[in-house]
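K.L.:
The structure file start.tsv (TSV, C-alpha atoms) is provided below.
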```
chain	number	residue	atom	x	y	z
P	1	MET	CA	0.00	0.00	0.00
P	2	PRO	CA	1.15	3.62	-0.48
P	3	ARG	CA	3.09	5.07	2.43
P	4	ASP	CA	2.70	8.56	3.86
P	5	THR	CA	4.83	9.72	6.75
P	6	GLY	CA	3.19	13.10	7.27
P	7	GLY	CA	4.98	15.92	9.02
P	8	ASP	CA	5.99	19.36	7.74
P	9	VAL	CA	8.86	21.79	7.90
P	10	ARG	CA	7.38	24.67	9.90
P	11	ASN	CA	10.10	25.47	12.40
P	12	GLY	CA	10.81	21.79	12.95
P	13	ASP	CA	7.23	21.03	14.04
P	14	ALA	CA	6.51	17.48	12.90
P	15	LEU	CA	2.75	17.72	13.27
P	16	CYS	CA	0.28	17.64	10.42
P	17	SER	CA	-3.50	17.49	10.63
P	18	LEU	CA	-4.08	14.22	8.72
P	19	ARG	CA	-1.83	11.26	8.03
P	20	TRP	CA	-2.34	7.94	6.29
P	21	ASN	CA	-1.39	4.94	8.40
P	22	ALA	CA	-0.57	2.43	5.68
P	23	SER	CA	0.15	-0.39	8.12
P	24	GLY	CA	-3.27	0.01	9.73
P	25	GLU	CA	-4.98	1.10	6.51
P	26	ALA	CA	-6.59	3.99	8.36
P	27	VAL	CA	-6.51	7.75	8.44
P	28	GLU	CA	-5.31	9.39	11.63
P	29	ILE	CA	-6.59	12.84	12.51
P	30	ILE	CA	-6.10	15.25	15.38
P	31	ASP	CA	-9.37	15.55	17.28
P	32	GLN	CA	-9.66	19.34	17.14
P	33	THR	CA	-12.60	19.43	19.53
P	34	LEU	CA	-10.15	18.59	22.34
P	35	LEU	CA	-7.66	21.36	21.59
P	36	PRO	CA	-5.97	23.33	23.04
P	37	HIS	CA	-5.93	21.27	26.23
P	38	THR	CA	-5.48	17.78	24.81
P	39	LEU	CA	-3.62	16.65	21.69
P	40	GLN	CA	-5.19	13.33	20.70
P	41	TRP	CA	-5.05	11.38	17.45
P	42	ARG	CA	-8.05	9.37	16.31
P	43	GLU	CA	-8.23	6.64	13.69
P	44	LEU	CA	-10.95	6.86	11.07
P	45	VAL	CA	-11.81	3.53	9.46
P	46	THR	CA	-15.56	3.34	8.77
P	47	LEU	CA	-17.65	5.70	6.69
P	48	GLU	CA	-19.64	6.50	9.82
P	49	SER	CA	-16.50	7.54	11.71
P	50	TYR	CA	-15.52	9.89	8.87
P	51	CYS	CA	-18.97	11.46	8.69
P	52	HIS	CA	-18.99	11.91	12.45
P	53	ALA	CA	-15.53	13.51	12.42
P	54	ILE	CA	-16.54	16.05	9.76
P	55	ALA	CA	-20.01	16.82	11.13
P	56	THR	CA	-18.83	17.29	14.73
P	57	MET	CA	-15.77	19.29	13.65
P	58	GLN	CA	-13.15	16.88	14.89
P	59	VAL	CA	-11.75	17.89	11.51
P	60	ARG	CA	-12.67	21.29	10.08
P	61	GLY	CA	-11.39	23.91	7.68
P	62	ALA	CA	-12.31	23.79	4.01
P	63	PRO	CA	-9.13	22.13	2.64
P	64	LEU	CA	-8.97	19.51	5.41
P	65	ILE	CA	-12.66	18.67	5.08
P	66	GLY	CA	-12.08	17.93	1.40
P	67	ILE	CA	-8.99	15.78	1.95
P	68	THR	CA	-10.68	13.85	4.76
P	69	ALA	CA	-13.71	13.18	2.57
P	70	ALA	CA	-11.44	11.92	-0.23
P	71	PHE	CA	-9.90	9.33	2.08
P	72	ALA	CA	-13.33	8.40	3.41
P	73	LEU	CA	-14.65	7.70	-0.07
P	74	ALA	CA	-11.46	5.86	-1.04
P	75	GLN	CA	-11.68	3.54	1.93
P	76	GLU	CA	-15.36	2.89	1.33
P	77	ILE	CA	-14.64	2.09	-2.32
P	78	GLY	CA	-11.92	-0.28	-1.16
P	79	ARG	CA	-14.51	-2.06	0.97
P	80	ASP	CA	-17.24	-2.18	-1.68
P	81	SER	CA	-16.43	-0.88	-5.16
P	82	SER	CA	-19.93	-1.10	-6.59
P	83	SER	CA	-21.29	2.04	-8.22
P	84	ASP	CA	-24.29	2.03	-5.89
P	85	ASN	CA	-22.10	1.97	-2.79
P	86	MET	CA	-19.84	4.72	-4.13
P	87	GLN	CA	-22.84	6.94	-4.73
P	88	ARG	CA	-24.31	6.18	-1.32
P	89	ALA	CA	-21.03	7.04	0.40
P	90	ALA	CA	-20.62	10.27	-1.58
P	91	VAL	CA	-24.14	11.40	-0.67
P	92	ALA	CA	-23.56	10.67	3.04
P	93	LEU	CA	-20.29	12.61	3.08
P	94	LEU	CA	-21.70	15.52	1.11
P	95	ALA	CA	-24.43	15.97	3.71
P	96	THR	CA	-22.02	16.49	6.61
P	97	ARG	CA	-21.12	20.16	5.93
P	98	PRO	CA	-23.04	22.16	3.30
P	99	THR	CA	-20.93	25.33	2.96
P	100	ALA	CA	-17.31	24.31	2.23
P	101	VAL	CA	-17.10	23.57	-1.49
P	102	ASN	CA	-13.87	21.56	-1.04
P	103	LEU	CA	-16.00	18.68	0.18
P	104	ARG	CA	-17.80	18.33	-3.14
P	105	TRP	CA	-14.61	19.07	-5.08
P	106	ALA	CA	-12.70	16.22	-3.41
P	107	LEU	CA	-15.54	13.72	-3.80
P	108	ASP	CA	-15.86	14.61	-7.48
P	109	ALA	CA	-12.11	14.10	-7.95
P	110	VAL	CA	-12.19	10.59	-6.49
P	111	MET	CA	-15.35	9.62	-8.35
P	112	SER	CA	-13.91	10.87	-11.65
P	113	ALA	CA	-10.68	8.93	-11.09
P	114	VAL	CA	-12.46	5.59	-10.66
P	115	ARG	CA	-15.41	6.05	-13.04
P	116	ASP	CA	-13.84	4.14	-15.95
P	117	VAL	CA	-11.79	1.72	-13.84
P	118	GLU	CA	-12.60	-1.95	-13.38
P	119	PRO	CA	-14.33	-2.53	-10.02
P	120	GLY	CA	-11.46	-4.67	-8.77
P	121	MET	CA	-8.99	-1.79	-9.23
P	122	ARG	CA	-11.19	1.05	-7.96
P	123	GLY	CA	-10.04	0.88	-4.35
P	124	GLU	CA	-6.36	1.20	-5.25
P	125	VAL	CA	-7.00	4.05	-7.69
P	126	ALA	CA	-9.23	5.87	-5.21
P	127	LEU	CA	-6.61	5.68	-2.44
P	128	ALA	CA	-3.88	6.86	-4.79
P	129	THR	CA	-6.11	9.81	-5.73
P	130	ALA	CA	-6.70	10.72	-2.08
P	131	LEU	CA	-2.96	10.60	-1.36
P	132	GLN	CA	-2.31	12.74	-4.43
P	133	LEU	CA	-4.89	15.32	-3.32
P	134	ARG	CA	-3.24	15.45	0.09
P	135	ALA	CA	0.21	16.00	-1.42
P	136	GLU	CA	-1.13	18.66	-3.78
P	137	ASP	CA	-2.85	20.47	-0.90
P	138	ILE	CA	0.46	20.69	0.97
P	139	GLY	CA	2.17	22.11	-2.11
P	140	HIS	CA	-0.62	24.57	-2.83
P	141	CYS	CA	-0.64	25.87	0.75
P	142	ALA	CA	3.12	26.37	0.63
P	143	ARG	CA	2.65	28.46	-2.53
P	144	LEU	CA	-0.12	30.45	-0.84
P	145	GLY	CA	2.42	31.28	1.83
P	146	GLU	CA	4.96	32.51	-0.71
P	147	PHE	CA	2.49	34.71	-2.59
P	148	GLY	CA	1.05	36.05	0.66
P	149	LEU	CA	4.57	36.80	1.87
P	150	GLN	CA	5.02	39.06	-1.16
P	151	LEU	CA	2.11	41.20	0.05
P	152	LEU	CA	3.42	41.27	3.62
P	153	ARG	CA	6.84	42.47	2.42
P	154	GLU	CA	5.16	45.36	0.61
P	155	LEU	CA	3.58	46.65	3.83
P	156	LYS	CA	6.99	47.62	5.32
P	157	PRO	CA	5.87	48.60	8.83
P	158	ALA	CA	8.17	50.70	10.99
P	159	GLY	CA	8.52	47.90	13.52
P	160	VAL	CA	6.74	44.61	14.09
P	161	LEU	CA	4.29	43.52	11.39
P	162	ASN	CA	0.85	43.22	13.02
P	163	ILE	CA	-1.54	40.83	11.28
P	164	MET	CA	-5.13	40.19	12.29
P	165	THR	CA	-6.83	36.91	11.44
P	166	HIS	CA	-10.16	35.27	12.14
P	167	CYS	CA	-11.14	31.69	12.94
P	168	ASN	CA	-8.45	29.11	12.10
P	169	ALA	CA	-6.84	28.97	8.67
P	170	GLY	CA	-3.55	27.35	9.63
P	171	TRP	CA	-2.28	23.81	9.19
P	172	LEU	CA	-5.09	22.49	11.39
P	173	ALA	CA	-7.49	23.65	8.67
P	174	ALA	CA	-5.48	22.13	5.83
P	175	VAL	CA	-2.84	19.40	6.10
P	176	GLU	CA	0.30	21.49	6.44
P	177	TRP	CA	1.02	25.26	6.33
P	178	GLY	CA	-2.65	26.25	6.05
P	179	THR	CA	-4.07	29.13	4.04
P	180	ALA	CA	-4.25	32.50	5.83
P	181	LEU	CA	-1.54	31.50	8.31
P	182	ALA	CA	0.82	30.18	5.64
P	183	PRO	CA	2.16	33.70	4.87
P	184	VAL	CA	2.66	34.23	8.61
P	185	TYR	CA	4.73	31.04	8.90
P	186	LYS	CA	6.72	32.04	5.81
P	187	ALA	CA	7.34	35.54	7.17
P	188	HIS	CA	8.47	34.18	10.52
P	189	ALA	CA	10.82	31.74	8.77
P	190	ALA	CA	12.22	34.63	6.71
P	191	GLY	CA	13.16	36.49	9.86
P	192	ILE	CA	10.41	39.11	9.68
P	193	ALA	CA	9.18	40.21	13.09
P	194	VAL	CA	5.45	39.39	13.12
P	195	HIS	CA	2.70	39.54	15.71
P	196	VAL	CA	-0.79	38.15	15.19
P	197	TRP	CA	-4.01	39.50	16.67
P	198	VAL	CA	-6.14	36.38	17.15
P	199	SER	CA	-9.87	36.97	17.55
P	200	GLU	CA	-11.61	34.38	19.73
P	201	THR	CA	-14.17	33.50	17.01
P	202	ARG	CA	-17.33	32.90	18.99
P	203	PRO	CA	-19.20	30.67	19.41
P	204	ARG	CA	-16.82	27.74	18.80
P	205	ASN	CA	-13.70	29.76	19.62
P	206	GLN	CA	-11.52	28.36	16.82
P	207	GLY	CA	-9.25	31.38	17.07
P	208	MET	CA	-8.70	30.93	20.79
P	209	ASN	CA	-8.53	27.13	20.78
P	210	LEU	CA	-6.75	26.43	17.49
P	211	THR	CA	-5.02	29.46	15.95
P	212	ALA	CA	-3.39	30.63	19.17
P	213	TRP	CA	-2.32	27.03	19.91
P	214	GLU	CA	-0.71	26.73	16.47
P	215	LEU	CA	1.11	30.03	16.67
P	216	GLN	CA	2.37	29.41	20.19
P	217	ARG	CA	3.80	26.04	19.11
P	218	ALA	CA	5.64	27.80	16.28
P	219	GLY	CA	7.01	30.49	18.57
P	220	ILE	CA	5.13	33.28	16.80
P	221	PRO	CA	3.99	36.12	19.10
P	222	CYS	CA	0.21	36.41	19.22
P	223	THR	CA	-2.42	38.04	21.37
P	224	LEU	CA	-5.99	36.85	21.90
P	225	VAL	CA	-8.72	39.46	21.68
P	226	ALA	CA	-12.48	39.37	21.97
P	227	ASP	CA	-14.22	39.49	18.60
P	228	ASN	CA	-15.75	42.83	19.51
P	229	ALA	CA	-12.32	44.38	20.18
P	230	CYS	CA	-11.13	43.97	16.59
P	231	GLY	CA	-12.79	47.10	15.21
P	232	GLN	CA	-11.11	49.23	17.84
P	233	LEU	CA	-7.68	47.77	17.03
P	234	LEU	CA	-8.20	48.49	13.34
P	235	ARG	CA	-9.43	52.04	13.95
P	236	ARG	CA	-6.43	52.84	16.15
P	237	GLY	CA	-3.97	51.66	13.48
P	238	GLU	CA	-2.64	48.75	15.53
P	239	VAL	CA	-3.15	46.36	12.60
P	240	ASP	CA	-1.15	46.40	9.35
P	241	CYS	CA	-3.41	43.97	7.49
P	242	VAL	CA	-6.13	41.40	7.95
P	243	MET	CA	-5.64	37.90	6.52
P	244	VAL	CA	-8.45	35.35	6.49
P	245	GLY	CA	-9.29	32.13	4.66
P	246	SER	CA	-12.34	31.12	2.65
P	247	ASP	CA	-14.72	28.17	2.78
P	248	ARG	CA	-16.27	29.02	-0.57
P	249	THR	CA	-15.50	31.79	-3.05
P	250	ALA	CA	-18.08	32.73	-5.66
P	251	ALA	CA	-17.29	33.37	-9.33
P	252	ASN	CA	-17.60	37.13	-8.79
P	253	GLY	CA	-15.05	37.15	-5.94
P	254	ASP	CA	-17.47	37.22	-3.01
P	255	VAL	CA	-16.00	35.26	-0.10
P	256	CYS	CA	-17.78	33.04	2.39
P	257	ASN	CA	-15.86	32.49	5.61
P	258	LYS	CA	-16.44	31.98	9.33
P	259	ILE	CA	-19.13	34.18	10.83
P	260	GLY	CA	-17.65	37.53	11.86
P	261	THR	CA	-15.39	37.87	8.82
P	262	TYR	CA	-17.73	40.42	7.20
P	263	LEU	CA	-17.53	42.71	10.24
P	264	LYS	CA	-13.73	42.69	10.10
P	265	ALA	CA	-13.84	43.51	6.38
P	266	LEU	CA	-16.12	46.47	7.04
P	267	ALA	CA	-13.91	47.76	9.84
P	268	ALA	CA	-10.78	47.27	7.75
P	269	ARG	CA	-12.25	49.25	4.84
P	270	ALA	CA	-13.34	52.07	7.15
P	271	SER	CA	-9.84	52.14	8.67
P	272	GLU	CA	-8.07	51.87	5.27
P	273	ILE	CA	-6.35	48.63	6.29
P	274	PRO	CA	-5.68	45.94	3.62
P	275	PHE	CA	-8.00	42.94	3.84
P	276	TYR	CA	-6.55	39.84	2.17
P	277	VAL	CA	-8.28	36.52	1.55
P	278	VAL	CA	-5.95	33.53	1.15
P	279	LEU	CA	-7.54	30.61	-0.67
P	280	PRO	CA	-6.61	27.59	-2.77
P	281	GLU	CA	-8.28	27.08	-6.12
P	282	SER	CA	-10.27	24.18	-4.64
P	283	THR	CA	-12.40	26.63	-2.61
P	284	ILE	CA	-13.65	28.47	-5.70
P	285	ASP	CA	-17.14	27.57	-6.85
P	286	TRP	CA	-17.26	28.71	-10.47
P	287	CYS	CA	-20.89	27.59	-10.68
P	288	CYS	CA	-21.86	30.00	-7.91
P	289	ALA	CA	-22.49	33.43	-9.43
P	290	SER	CA	-22.29	35.43	-6.19
P	291	GLY	CA	-22.18	35.11	-2.44
P	292	ASP	CA	-25.96	35.32	-2.33
P	293	ASP	CA	-26.07	31.80	-3.81
P	294	ILE	CA	-23.83	30.20	-1.16
P	295	PRO	CA	-25.70	27.99	1.33
P	296	ILE	CA	-24.98	29.12	4.89
P	297	GLU	CA	-24.75	26.33	7.43
P	298	GLU	CA	-26.76	26.91	10.60
P	299	ARG	CA	-25.42	24.98	13.56
P	300	ASP	CA	-27.10	23.91	16.78
P	301	GLN	CA	-28.08	26.78	19.06
P	302	SER	CA	-26.44	24.99	21.99
P	303	GLU	CA	-23.03	26.14	20.68
P	304	LEU	CA	-24.05	29.70	21.50
P	305	LEU	CA	-25.97	29.02	24.71
P	306	ALA	CA	-23.26	26.95	26.42
P	307	ILE	CA	-19.48	26.82	26.59
P	308	ARG	CA	-17.09	23.94	27.04
P	309	GLY	CA	-13.75	24.12	28.81
P	310	VAL	CA	-11.39	22.65	31.39
P	311	ASP	CA	-11.82	23.54	35.06
P	312	SER	CA	-9.03	24.13	37.59
P	313	GLY	CA	-8.99	20.42	38.36
P	314	GLY	CA	-8.33	19.49	34.75
P	315	GLN	CA	-11.83	18.16	34.12
P	316	THR	CA	-13.69	19.01	30.92
P	317	ARG	CA	-17.05	20.58	31.64
P	318	GLU	CA	-19.86	22.26	29.73
P	319	LEU	CA	-21.52	25.27	31.34
P	320	MET	CA	-24.76	26.98	30.42
P	321	LEU	CA	-24.31	30.68	29.63
P	322	ALA	CA	-27.88	31.76	28.88
P	323	ALA	CA	-31.04	31.48	30.93
P	324	ALA	CA	-32.99	28.26	30.65
P	325	GLY	CA	-35.33	28.31	27.68
P	326	SER	CA	-33.30	30.88	25.74
P	327	ARG	CA	-33.30	30.66	21.96
P	328	ALA	CA	-30.34	31.41	19.70
P	329	TYR	CA	-29.56	31.88	16.01
P	330	ASN	CA	-26.23	30.33	15.08
P	331	PRO	CA	-25.08	30.79	11.45
P	332	ALA	CA	-21.62	29.32	10.96
P	333	PHE	CA	-20.56	31.58	8.07
P	334	ASP	CA	-21.11	34.97	6.49
P	335	VAL	CA	-20.35	36.46	3.08
P	336	THR	CA	-17.91	39.30	2.45
P	337	PRO	CA	-18.58	41.13	-0.84
P	338	ALA	CA	-15.66	41.25	-3.26
P	339	GLU	CA	-15.48	45.06	-3.12
P	340	LEU	CA	-14.30	44.82	0.51
P	341	VAL	CA	-11.42	42.47	-0.37
P	342	THR	CA	-8.07	44.09	-1.19
P	343	ALA	CA	-6.63	40.99	-2.89
P	344	LEU	CA	-7.18	37.27	-3.32
P	345	VAL	CA	-4.07	35.21	-2.60
P	346	THR	CA	-4.04	31.92	-4.51
P	347	GLU	CA	-1.49	29.27	-5.45
P	348	HIS	CA	-1.56	30.86	-8.92
P	349	GLY	CA	-0.62	34.32	-7.66
P	350	ASN	CA	-2.35	37.39	-6.23
P	351	PHE	CA	-5.45	38.77	-7.92
P	352	GLU	CA	-7.85	41.62	-7.35
P	353	ALA	CA	-11.22	40.55	-6.05
P	354	GLY	CA	-14.19	41.08	-8.33
P	355	PRO	CA	-15.28	39.79	-11.74
P	356	ALA	CA	-12.25	41.12	-13.64
P	357	GLY	CA	-9.74	39.63	-11.23
P	358	MET	CA	-11.61	36.34	-11.12
P	359	GLU	CA	-11.57	36.17	-14.91
P	360	ARG	CA	-7.81	36.72	-14.93
P	361	LEU	CA	-7.45	34.00	-12.32
P	362	ARG	CA	-9.57	31.64	-14.38
P	363	ASN	CA	-7.44	32.30	-17.45
P	364	GLN	CA	-4.30	31.70	-15.42
P	365	ILE	CA	-5.67	28.38	-14.18
P	366	SER	CA	-6.60	27.35	-17.70
P	367	SER	CA	-3.18	28.24	-19.10
P	368	SER	CA	-1.38	26.30	-16.39
P	369	THR	CA	-3.55	23.17	-16.60
P	370	PRO	CA	-1.88	20.31	-18.54
P	371	MET	CA	-3.77	19.35	-21.69
```
Would you write out, as structure tokens, the structure that this file holds?
P.N.:
Amino acid sequence: MPRDTGGDVRNGDALCSLRWNASGEAVEIIDQTLLPHTLQWRELVTLESYCHAIATMQVRGAPLIGITAAFALAQEIGRDSSSDNMQRAAVALLATRPTAVNLRWALDAVMSAVRDVEPGMRGEVALATALQLRAEDIGHCARLGEFGLQLLRELKPAGVLNIMTHCNAGWLAAVEWGTALAPVYKAHAAGIAVHVWVSETRPRNQGMNLTAWELQRAGIPCTLVADNACGQLLRRGEVDCVMVGSDRTAANGDVCNKIGTYLKALAARASEIPFYVVLPESTIDWCCASGDDIPIEERDQSELLAIRGVDSGGQTRELMLAAAGSRAYNPAFDVTPAELVTALVTEHGNFEAGPAGMERLRNQISSSTPM
């Protein structure tokens, strides 16, 4: 079977978010619901375990969701390569998270790879495709870091470069490097003094629990702030740029990302601070005309009404925050119009947001795609 050792080169940190255990024929993932207090790997073997991991956000982030789904479908095809079973598995996986387009993209890639293959060979081809997608994601994220670094170098602050981000778009959201944090890792490796303002990202606190944990492991200075403090930091000029990821980008350049991104974009525009979106090609939905057409996932209201953490005795507990009987509205994402985005950072280069820039990006993709 193919072998995959995992690991990356960020400051000697050997962690990655997903690795293929060839000897056990299973995927191993970091259970992100336990971070930052516990680092625990989980094996995913059955289709049900994959669906559970994606739906409950043991794995999350658009690129990682896609790669995880590719391995899930590959393993299910290896178990039963019939067309009916492949379709059933794809439908089950597609239903786990409706917003991130990488999920559909990865499933389509695996299905296309095995469509004309004899049933007896489908499992091997599907696994090879999943491993290839994983390797390509690592390479693409590294390139995102390089192109994003170009923009960071142009800012030329007087002292430390202050970057604001939202949610988690680091290697926990991809496989290695990440998207919006990739330029930060590249800048740090290049010897540029950087500091990251990390917004908590209520209600699931991915900034607090994941981004800060990542940056601290890498030795990159960062400061946690309440989501509502970000506008004040931008207005006072304590931020040189905002860098965020994308779960789905429409054909006109509108960007769908974690809820709260739109507010940062508005505050950045009012404060004349650059707002960059760092995204791999796999997050672009060319069939989606604008952000208005992107389905917005609504998650359980309990995420807003309660909070989970570790008490002074080291025990994990969930505490109710709101009065009994309270109701909550909990959209997981919002849409930032293209006109609020300073630039789109992709593995193909940096492009202006909006229809013209997206058309140039599309032409660049077409010209670089092997015939």
K.L.:
Within 7 Å of stretch 70-84 of chain P, counting all atoms listed in the file, which residues show up once you throw out same-chain ones fewer than 5 positions away? Write them as a ChimeraX atom specification, please.
P.N.:
/P:47,50,89-90,106-107,110,119,122-123,126-127,130
K.L.:
Go through P:Glu359, P:Glu28, P:Asp292, P:Glu303 and flag the residue nearest P:Leu319, using only C-alpha atoms for the distances.
P.N.:
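Nearest to P:Leu319: P:Glu303.
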K.L.:
Atom CA of P:Ser290 to atom CA of P:Phe333: how many Å, to one decimal?
P.N.:
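Pair atom CA of P:Ser290 / atom CA of P:Phe333 returns 14.9 Å.
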K.L.:
Closest to P:Glu352 among P:Val45, P:Ala251, P:Cys287, P:Ala338, using only C-alpha atoms?
P.N.:
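Distance minimum relative to P:Glu352 lands on P:Ala338.
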K.L.:
I need the residue nearest P:Glu281 from this list: P:Gln150, P:Asn102, P:Asn205, P:Gln58. Use all atoms listed in the file for the distance.
P.N.:
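Counting all atoms listed in the file, the residue closest to P:Glu281 is P:Asn102.
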K.L.:
Looking at P:Asn209, P:Thr283, P:Gln232, P:Thr316, which one is nearest to P:Ser246, with distances taken over all atoms listed in the file?
P.N.:
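Of P:Asn209, P:Thr283, P:Gln232, P:Thr316, the one nearest P:Ser246, counting all atoms listed in the file, is P:Thr283.
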K.L.:
Would you please work out which residue, of P:Ile67, P:Cys167, P:Leu344, P:Leu172, is nearest to P:Pro280 when using only C-alpha atoms?
P.N.:
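For P:Pro280, the nearest of the candidates is P:Leu344.
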K.L.:
For P:Gln364, list every protein, DNA or RNA residue within 12 Å, evaluated using only C-alpha atoms, and leave out those in the same chain fewer than 2 positions away; present the list as an mmCIF file with C-alpha atoms, keeping the file's coordinate frame.
P.N.:
```cif
data_model
loop_
_atom_site.group_PDB
_atom_site.id
_atom_site.type_symbol
_atom_site.label_atom_id
_atom_site.label_comp_id
_atom_site.auth_asym_id
_atom_site.auth_seq_id
_atom_site.Cartn_x
_atom_site.Cartn_y
_atom_site.Cartn_z
ATOM 1 C CA GLU P 281 -8.280 27.080 -6.120
ATOM 2 C CA THR P 346 -4.040 31.920 -4.510
ATOM 3 C CA GLU P 347 -1.490 29.270 -5.450
ATOM 4 C CA HIS P 348 -1.560 30.860 -8.920
ATOM 5 C CA GLY P 349 -0.620 34.320 -7.660
ATOM 6 C CA ASN P 350 -2.350 37.390 -6.230
ATOM 7 C CA PHE P 351 -5.450 38.770 -7.920
ATOM 8 C CA GLY P 357 -9.740 39.630 -11.230
ATOM 9 C CA MET P 358 -11.610 36.340 -11.120
ATOM 10 C CA GLU P 359 -11.570 36.170 -14.910
ATOM 11 C CA ARG P 360 -7.810 36.720 -14.930
ATOM 12 C CA LEU P 361 -7.450 34.000 -12.320
ATOM 13 C CA ARG P 362 -9.570 31.640 -14.380
ATOM 14 C CA SER P 366 -6.600 27.350 -17.700
ATOM 15 C CA SER P 367 -3.180 28.240 -19.100
ATOM 16 C CA SER P 368 -1.380 26.300 -16.390
ATOM 17 C CA THR P 369 -3.550 23.170 -16.600
#
```
K.L.:
If we count only C-alpha atoms, what is near P:Leu64 at a cut-off of 9 Å, once residues fewer than 3 positions away on the same chain are taken out, given as a VMD selection string?
P.N.:
chain P and resid 17 to 18 59 to 61 67 to 69 102 to 103 134 137 171 to 175
K.L.:
Which polymer residues, protein or nucleic acid, are no farther than 12 Å from (-19.3, 48.1, -6.0), counting all atoms listed in the file, as a list in words?
P.N.:
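All residues meeting the 12 Å criterion around (-19.3, 48.1, -6.0) are Asn252, Gly253, Asp254, Pro337, Ala338, Glu339, Leu340, Val341, Ala353, Gly354 and Pro355 of chain P.
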K.L.:
Take every atom of stretch 67-83 of chain P listed in the file, fit an axis-aligned box around them, add 5 Å per side, and give the centre and edge lengths in Å to one decimal as lines of an AutoDock Vina configuration file.
P.N.:
```
center_x = -15.1
center_y = 6.8
center_z = -1.7
size_x = 22.3
size_y = 28.0
size_z = 23.0
```
K.L.:
For a quick check of understanding, using all atoms listed in the file, which of P:Ala135, P:Val255, P:Ala189, P:Leu304 has the smallest distance to P:Trp20?
P.N.:
P:Ala135
K.L.:
What does the distance from atom CA of P:Met86 to atom CA of P:Ala128 come to in Å, to one decimal?
P.N.:
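Atom CA of P:Ala128 lies at a distance of 16.1 Å from atom CA of P:Met86.
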K.L.:
Using all atoms listed in the file, find all polymer residues with an atom at most 6 Å away from the point (-6.1, 43.5, -1.1); report them as a PyMOL selection string.
P.N.:
chain P and resi 274-276+341-343
K.L.:
Tell me, in Å to one decimal, how far atom CA of P:Val335 is from atom CA of P:Gly291.
P.N.:
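Value for the atom CA of P:Val335-atom CA of P:Gly291 distance: 6.0 Å.
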K.L.:
Would you pick out the contacts of P:Leu321 at 12 Å or less, using all atoms listed in the file, so that residues sharing its chain but fewer than 5 positions from it are not included, and give the list as an NGL selection string?
P.N.:
:P and (203 or 301-308 or 326-328)
K.L.:
Taking C-alpha atoms for each residue, export the selection above as a PDB file, keeping the file's coordinate frame.
P.N.:
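Written output follows (again_17.pdb):
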```
ATOM      1  CA  PRO P 203     -19.200  30.670  19.410  1.00  0.00           C
ATOM      2  CA  GLN P 301     -28.080  26.780  19.060  1.00  0.00           C
ATOM      3  CA  SER P 302     -26.440  24.990  21.990  1.00  0.00           C
ATOM      4  CA  GLU P 303     -23.030  26.140  20.680  1.00  0.00           C
ATOM      5  CA  LEU P 304     -24.050  29.700  21.500  1.00  0.00           C
ATOM      6  CA  LEU P 305     -25.970  29.020  24.710  1.00  0.00           C
ATOM      7  CA  ALA P 306     -23.260  26.950  26.420  1.00  0.00           C
ATOM      8  CA  ILE P 307     -19.480  26.820  26.590  1.00  0.00           C
ATOM      9  CA  ARG P 308     -17.090  23.940  27.040  1.00  0.00           C
ATOM     10  CA  SER P 326     -33.300  30.880  25.740  1.00  0.00           C
ATOM     11  CA  ARG P 327     -33.300  30.660  21.960  1.00  0.00           C
ATOM     12  CA  ALA P 328     -30.340  31.410  19.700  1.00  0.00           C
TER      13      ALA P 328
END
```
